[in-house]
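K.L.:
Sharing a structure below in C-alpha cells format, with a few things to ask.
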Amino acid sequence: MPTPSIIAETPEYIVLDKPSGLLVHEAEHHPGADTLVQWLIQHDPKIKGVGEVAERPGIVHRLDKDVSGAMVVAKTQAMYGHLKKQFQKHEVEKMYLALVHGVPTKQDGVISFPLGRSRRNAGRMASQPHASEKTRDAVTRYAVKEQFNHLTLLEVTIETGRTNQIRAHLLAYGLPIVGDSVYASKWVKQKVTFDRPFLHSWKLGFADLDNVKREFISELPQELSDLLVKLRK
C-alpha cells in the first residue's frame, strides 16, 4: 500500500500527504483495493466512530486515487461538523499544481462550466453547455506559474468540490493534464509518457475549532518535481 505521511496532527484533526495510487475509501470500481481509511483506522482507531458514513470515517473531502497531496481528516465529531460546514460554504482554501498540455490564452482565468455525468462514459464527469437538473455548478480558477514550450504549469484553485472537477474543467478548456489517460483528448492519449496525472493538492487552508485559520503545504512528490527539473533543462 502507498503510505501517506503526516503533515500535522492535533487531537481534532490530521493533515495528511496522500500519495498517488492510494484510494481514499472503498469504491465499487476498485473492489478490494487498499484505502486511506484502512491506514487511518490503524493509525487512530477512534477515528472509526467519526462522521456520518461508516465506510468513510472522518472523511470530509477526498482526492482522486491517482492525485497526490494535502488532505484533512477529522478526528472528532465536532471537528467533522466544523470542517463540513466550511466545505459547504466554500470557505476552505484548496490550491493545486497542474501541468497541462497547451498554453492558456490568458495568464489567469475562471472556468465555470456546469459538470454532469458524461453521456458517452458514465464513469466520467463532463462539462455541460447548460445547467440542468442533472448538472452541478462548478468554479475553477487558474493562474500560469511556469511555461515550457507547449506545456504549462498552473496554480489551480477550486471554489467548489465536484467529482474530478479540475480534470474535467481543464480538459473542456483545452488544457488536459499531463499523464491523465482518462480526461484526455485522443491526440494527447497518444503522446502520454507519464504514468500518473500531474495534479497535486499543494496548499490547504481551513479554520480550526477556535476559528483560527490554519494553512498547510504539501511539497511536490519526487516524480513530479523530477519532471519539472527535466523540463527546465
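The chains in the C-alpha cells are called A, B, ... from first to last as shown; in each chain the residues are counted from 1, and the ligands are counted from 1 in the order shown.
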Neighbouring residues of Lys84 (chain A) were defined as those with any atom within 12 Å, considering only C-alpha atoms; residues of the same chain fewer than 2 positions away were excluded. Please report them as a list in words.

P.N.:
Gly51, Glu52, Gly58, Ile59, Val60, His61, Val72, Val73, Ala74, Gln77, Ala78, Met79, Tyr80, Gly81, His82, Gln86, Phe87, Gln88, Lys89, His90, Glu91, Val92, Gly161, Phe206, Ala207 and Asp208 of chain A

K.L.:
Could you dump the residues just selected with C-alpha atoms as a tab-separated table (two decimals), in the first residue's frame?

P.N.:
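Everything below was put into again23.tsv:
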chain	number	residue	atom	x	y	z
A	51	GLY	CA	-18.56	11.16	10.67
A	52	GLU	CA	-21.85	10.12	9.12
A	58	GLY	CA	-13.56	11.32	9.40
A	59	ILE	CA	-13.56	11.99	5.66
A	60	VAL	CA	-14.88	15.44	4.71
A	61	HIS	CA	-13.28	15.65	1.25
A	72	VAL	CA	-7.54	16.96	6.18
A	73	VAL	CA	-9.37	14.27	8.17
A	74	ALA	CA	-11.48	14.97	11.27
A	77	GLN	CA	-17.33	14.68	15.63
A	78	ALA	CA	-17.11	18.38	16.49
A	79	MET	CA	-14.29	18.92	14.01
A	80	TYR	CA	-16.10	16.84	11.41
A	81	GLY	CA	-19.12	19.13	11.58
A	82	HIS	CA	-16.93	22.25	11.64
A	86	GLN	CA	-16.62	25.17	5.83
A	87	PHE	CA	-16.60	22.95	2.75
A	88	GLN	CA	-20.32	23.57	2.18
A	89	LYS	CA	-19.78	27.34	2.40
A	90	HIS	CA	-16.69	27.15	0.11
A	91	GLU	CA	-14.53	28.60	2.88
A	92	VAL	CA	-11.75	26.02	2.64
A	161	GLY	CA	-15.53	20.40	-4.86
A	206	PHE	CA	-9.20	25.87	6.96
A	207	ALA	CA	-10.30	27.18	10.35
A	208	ASP	CA	-9.77	25.07	13.47

K.L.:
Assign secondary structure with DSSP using the backbone only, and return the residues of region 88-117 of chain A in strand (DSSP E or B) as an NGL selection string.

P.N.:
:A and (93-101 or 108-111 or 115-117)

K.L.:
Using only C-alpha atoms, which protein or nucleic acid residues come within 12 Å of Val229 (chain A)? Drop anything in the same chain fewer than 5 positions from it, and give the result as a list in words.

P.N.:
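In the requested form, the answer reads Phe148, Leu220, Gln222, Glu223 and Leu224 of chain A.
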
K.L.:
What is the CA of Asp180 (chain A)-CA of Arg62 (chain A) distance in Å, reported with one decimal?

P.N.:
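It comes out at 17.9 Å.
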
K.L.:
When distances are computed from only C-alpha atoms, which of A:Val24, A:Leu153, A:Leu228, A:Ile158 shows the smallest separation from Val67 (chain A)?

P.N.:
A:Val24

K.L.:
For Thr3 (chain A), which residue among A:Leu16, A:Leu115, A:Ile217, A:Leu99 is the nearest when counting only C-alpha atoms?

P.N.:
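Smallest distance to Thr3 (chain A) is found for A:Leu16.
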
K.L.:
Tell me which protein, DNA and RNA residues are within 8 Å of Thr160 (chain A), counting only C-alpha atoms, leaving out same-chain ones fewer than 4 positions away, and put them as number ranges by chain.

P.N.:
A: 90, 137-140

K.L.:
Can you tell me, as JSON, numbers by chain, what residues are no more than 7 Å from Lys203 (chain A) when counting only C-alpha atoms, ignoring any on the same chain fewer than 2 positions away?

P.N.:
{"A": [70, 94, 95, 96, 201, 205, 216, 217, 218]}

K.L.:
Using only C-alpha atoms, which protein or nucleic acid residues come within 9 Å of Glu219 (chain A)? Drop anything in the same chain fewer than 3 positions from it, and give the result as a ChimeraX atom specification.

P.N.:
/A:17,69,200-203,225

K.L.:
Residues near Arg141 (chain A), anyone? I mean within 6 Å using only C-alpha atoms, not counting same-chain ones fewer than 6 positions away, as a list of chain:residue names.

P.N.:
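Non-adjacent residues within range: A:Gly109, A:Val110, A:Val156, A:Thr157.
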
K.L.:
For the residues in the current selection, export N, CA and C atoms as a compact mmCIF listing (two decimals), in the first residue's frame.

P.N.:
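Saved as part26.txt:
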# COMPACT_ATOMS: atom_id res chain seq x y z
N GLY A 109 -7.53 32.97 -15.25
CA GLY A 109 -8.92 32.94 -15.70
C GLY A 109 -9.79 32.09 -14.81
N VAL A 110 -11.06 32.04 -15.16
CA VAL A 110 -12.06 31.28 -14.41
C VAL A 110 -12.76 30.33 -15.37
N VAL A 156 -4.01 26.08 -9.54
CA VAL A 156 -5.45 25.91 -9.73
C VAL A 156 -6.14 25.98 -8.37
N THR A 157 -7.14 26.83 -8.26
CA THR A 157 -7.93 26.95 -7.04
C THR A 157 -9.37 26.60 -7.35

K.L.:
For Asn149 (chain A), which residue among A:Gly179, A:Pro114, A:Pro104, A:Gly174 is the nearest when counting only C-alpha atoms?

P.N.:
A:Pro104

K.L.:
Residues of region 19-230 of chain A in helix (DSSP H, G or I) according to DSSP, as a PyMOL selection string?

P.N.:
chain A and resi 36-43+45-49+77-88+165-172+186-189+222-230

K.L.:
Would you write out those residues with C-alpha atoms, as a short mmCIF file (atom, residue, chain, number, x, y, z; two decimals), in the first residue's frame?

P.N.:
data_model
loop_
_atom_site.label_atom_id
_atom_site.label_comp_id
_atom_site.auth_asym_id
_atom_site.auth_seq_id
_atom_site.Cartn_x
_atom_site.Cartn_y
_atom_site.Cartn_z
CA LEU A 36 -6.55 5.64 3.16
CA VAL A 37 -9.39 4.80 5.55
CA GLN A 38 -7.70 1.49 6.41
CA TRP A 39 -4.50 3.35 7.25
CA LEU A 40 -6.38 5.93 9.34
CA ILE A 41 -8.10 3.31 11.49
CA GLN A 42 -4.78 1.58 12.11
CA HIS A 43 -3.20 4.92 13.00
CA PRO A 45 -8.87 3.52 15.93
CA LYS A 46 -11.04 6.27 17.49
CA ILE A 47 -11.50 7.80 14.01
CA LYS A 48 -13.73 4.83 13.20
CA GLY A 49 -16.63 6.47 15.06
CA GLN A 77 -17.33 14.68 15.63
CA ALA A 78 -17.11 18.38 16.49
CA MET A 79 -14.29 18.92 14.01
CA TYR A 80 -16.10 16.84 11.41
CA GLY A 81 -19.12 19.13 11.58
CA HIS A 82 -16.93 22.25 11.64
CA LEU A 83 -15.00 21.19 8.54
CA LYS A 84 -18.11 20.00 6.71
CA LYS A 85 -19.73 23.41 7.21
CA GLN A 86 -16.62 25.17 5.83
CA PHE A 87 -16.60 22.95 2.75
CA GLN A 88 -20.32 23.57 2.18
CA GLN A 165 -13.70 18.89 -11.26
CA ILE A 166 -10.20 20.09 -12.14
CA ARG A 167 -9.57 17.28 -14.61
CA ALA A 168 -12.92 17.75 -16.38
CA HIS A 169 -12.72 21.55 -16.44
CA LEU A 170 -9.17 21.72 -17.78
CA LEU A 171 -9.98 19.17 -20.49
CA ALA A 172 -13.05 21.18 -21.53
CA LYS A 186 -7.28 11.35 -28.38
CA TRP A 187 -4.25 13.26 -29.60
CA VAL A 188 -2.99 13.65 -26.02
CA LYS A 189 -3.56 9.98 -25.15
CA GLN A 222 9.71 13.26 -6.32
CA GLU A 223 8.32 12.05 -9.65
CA LEU A 224 6.58 15.39 -10.28
CA SER A 225 9.50 17.59 -9.21
CA ASP A 226 11.88 15.45 -11.31
CA LEU A 227 9.73 16.05 -14.39
CA LEU A 228 9.82 19.81 -13.84
CA VAL A 229 13.61 19.72 -13.45
CA LYS A 230 13.82 17.84 -16.75
#

K.L.:
What is the distance between CA of Glu155 (chain A) and CA of Asp108 (chain A), in Å to one decimal?

P.N.:
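Going from CA of Glu155 (chain A) over to CA of Asp108 (chain A) covers 9.2 Å.
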